[in-house]
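A.B. asks: This is the structure I have questions about; it appears just below.
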Amino acid sequence: MSVVKINVLSVPAEQREVLEKRFASRAGAVESSDGFEWFELLRPVDGTDKYLVYTRWASEEAFQKWMSGPMQAAHRGGGESGGERPRPAASDSTLWSFDVVQQAAPKS
């Protein structure tokens, strides 16, 4: 059964564009991982500073494999010119975990 991981990021207003550009520049980084099923970056619209990074995985093992390999490598890299790593756009992060117990797809 699939698992969902939601990373809840606190992002100050002045860092929103930075965060979104960083995610856009990494487009495709997670999609090639074994067991990956879905990704969405959700921007807040109701007065909160919380962005949600939604990922869905075939299994907990697939998520853990990505966390210990490709995700670590992506976050370890230096700045664009090989210099220091840029300052994080988020001021705080919390990971929520869920099992998918029901799902529905649109009728075609």
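Every chain in the structure tokens has a letter given in the order shown (A, B, ...), and although residue numbers restart at 1 in each chain, ligands are simply numbered from 1 in the order shown.
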Quick one: everything within 10 Å of Glu20 of chain A, counting only C-alpha atoms, minus sequence neighbours fewer than 6 positions away in the same chain. Send it as number ranges by chain.
C.D. replies: A: 41-43, 51, 89
A.B. asks: If DSSP is run on the backbone, what residues of chain A are helix (DSSP H, G or I)? A reply as a list in words would be ideal.
C.D. replies: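 Listing helix (DSSP H, G or I) positions across chain A yields Ala13, Glu14, Gln15, Arg16, Glu17, Val18, Leu19, Glu20, Lys21, Arg22, Phe23, Ala24, Ser25, Glu60, Glu61, Ala62, Phe63, Gln64, Lys65, Trp66, Met67, Ser68, Pro70, Met71, Gln72, Ala73, Ala74, His75 and Arg76 of chain A.
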A.B. asks: Give one line per residue of segment 43-71 of chain A that approaches segment 11-18 of chain A to at most 12 Å, naming the two atoms of the closest pair and their distance in Å to one decimal, counting only C-alpha atoms; sort by chain then ascending residue number and deliver it as a Markdown table.
C.D. replies:
| residue | atom | partner | partner_atom | distance |
| --- | --- | --- | --- | --- |
| A:Arg43 | CA | A:Arg16 | CA | 8.6 |
| A:Pro44 | CA | A:Val11 | CA | 9.7 |
| A:Val45 | CA | A:Ala13 | CA | 11.7 |
| A:Gly47 | CA | A:Ala13 | CA | 10.4 |
| A:Thr48 | CA | A:Val11 | CA | 9.2 |
| A:Asp49 | CA | A:Val11 | CA | 5.4 |
| A:Lys50 | CA | A:Val11 | CA | 6.3 |
| A:Tyr51 | CA | A:Val11 | CA | 6.9 |
| A:Leu52 | CA | A:Val11 | CA | 10.3 |
A.B. asks: Those residues you just picked out, can you put them in a file as an mmCIF file, in the first residue's frame with C-alpha atoms?
C.D. replies:
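Generated file (result_18.cif):
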data_model
loop_
_atom_site.group_PDB
_atom_site.id
_atom_site.type_symbol
_atom_site.label_atom_id
_atom_site.label_comp_id
_atom_site.auth_asym_id
_atom_site.auth_seq_id
_atom_site.Cartn_x
_atom_site.Cartn_y
_atom_site.Cartn_z
ATOM 1 C CA ARG A 43 1.592 27.259 -1.714
ATOM 2 C CA PRO A 44 -0.439 28.642 1.215
ATOM 3 C CA VAL A 45 -3.318 30.996 0.404
ATOM 4 C CA GLY A 47 -2.767 33.641 5.798
ATOM 5 C CA THR A 48 -0.360 30.938 6.963
ATOM 6 C CA ASP A 49 3.335 30.646 6.123
ATOM 7 C CA LYS A 50 3.169 26.837 5.769
ATOM 8 C CA TYR A 51 4.070 25.297 2.411
ATOM 9 C CA LEU A 52 3.275 21.608 1.980
#
A.B. asks: Using the chain letters and numbers from this document, which residues of chain A does DSSP assign to strand (DSSP E), as a ChimeraX atom specification?
C.D. replies: /A:3-10,36-42,50-57,92-99
A.B. asks: Mind giving me the straight-line distance from atom CA of Trp66 of chain A to atom CA of Phe23 of chain A in Å, one decimal?
C.D. replies: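 Between these atoms lies a distance of 16.5 Å.
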A.B. asks: Give me the residues within 7 Å of Trp96 of chain A as a count of residues only, counting only C-alpha atoms and dropping any in the same chain fewer than 5 places off.
C.D. replies: 3
A.B. asks: Would you compute the distance between atom CA of Gly69 of chain A and atom CA of Glu31 of chain A? Give it in Å to one decimal.
C.D. replies: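 Calculated distance between atom CA of Gly69 of chain A and atom CA of Glu31 of chain A is 13.8 Å.
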A.B. asks: Using only C-alpha atoms, which residue out of A:Leu9, A:Ala62, A:Leu19, A:Val53 lies closest to Ser33 of chain A?
C.D. replies: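 The answer is A:Ala62, which sits nearest to Ser33 of chain A.
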A.B. asks: What's the separation between atom CA of Ser68 of chain A and atom CA of Asp99 of chain A, in Å to one decimal place?
C.D. replies: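 For atom CA of Ser68 of chain A relative to atom CA of Asp99 of chain A, the distance reads 20.4 Å.
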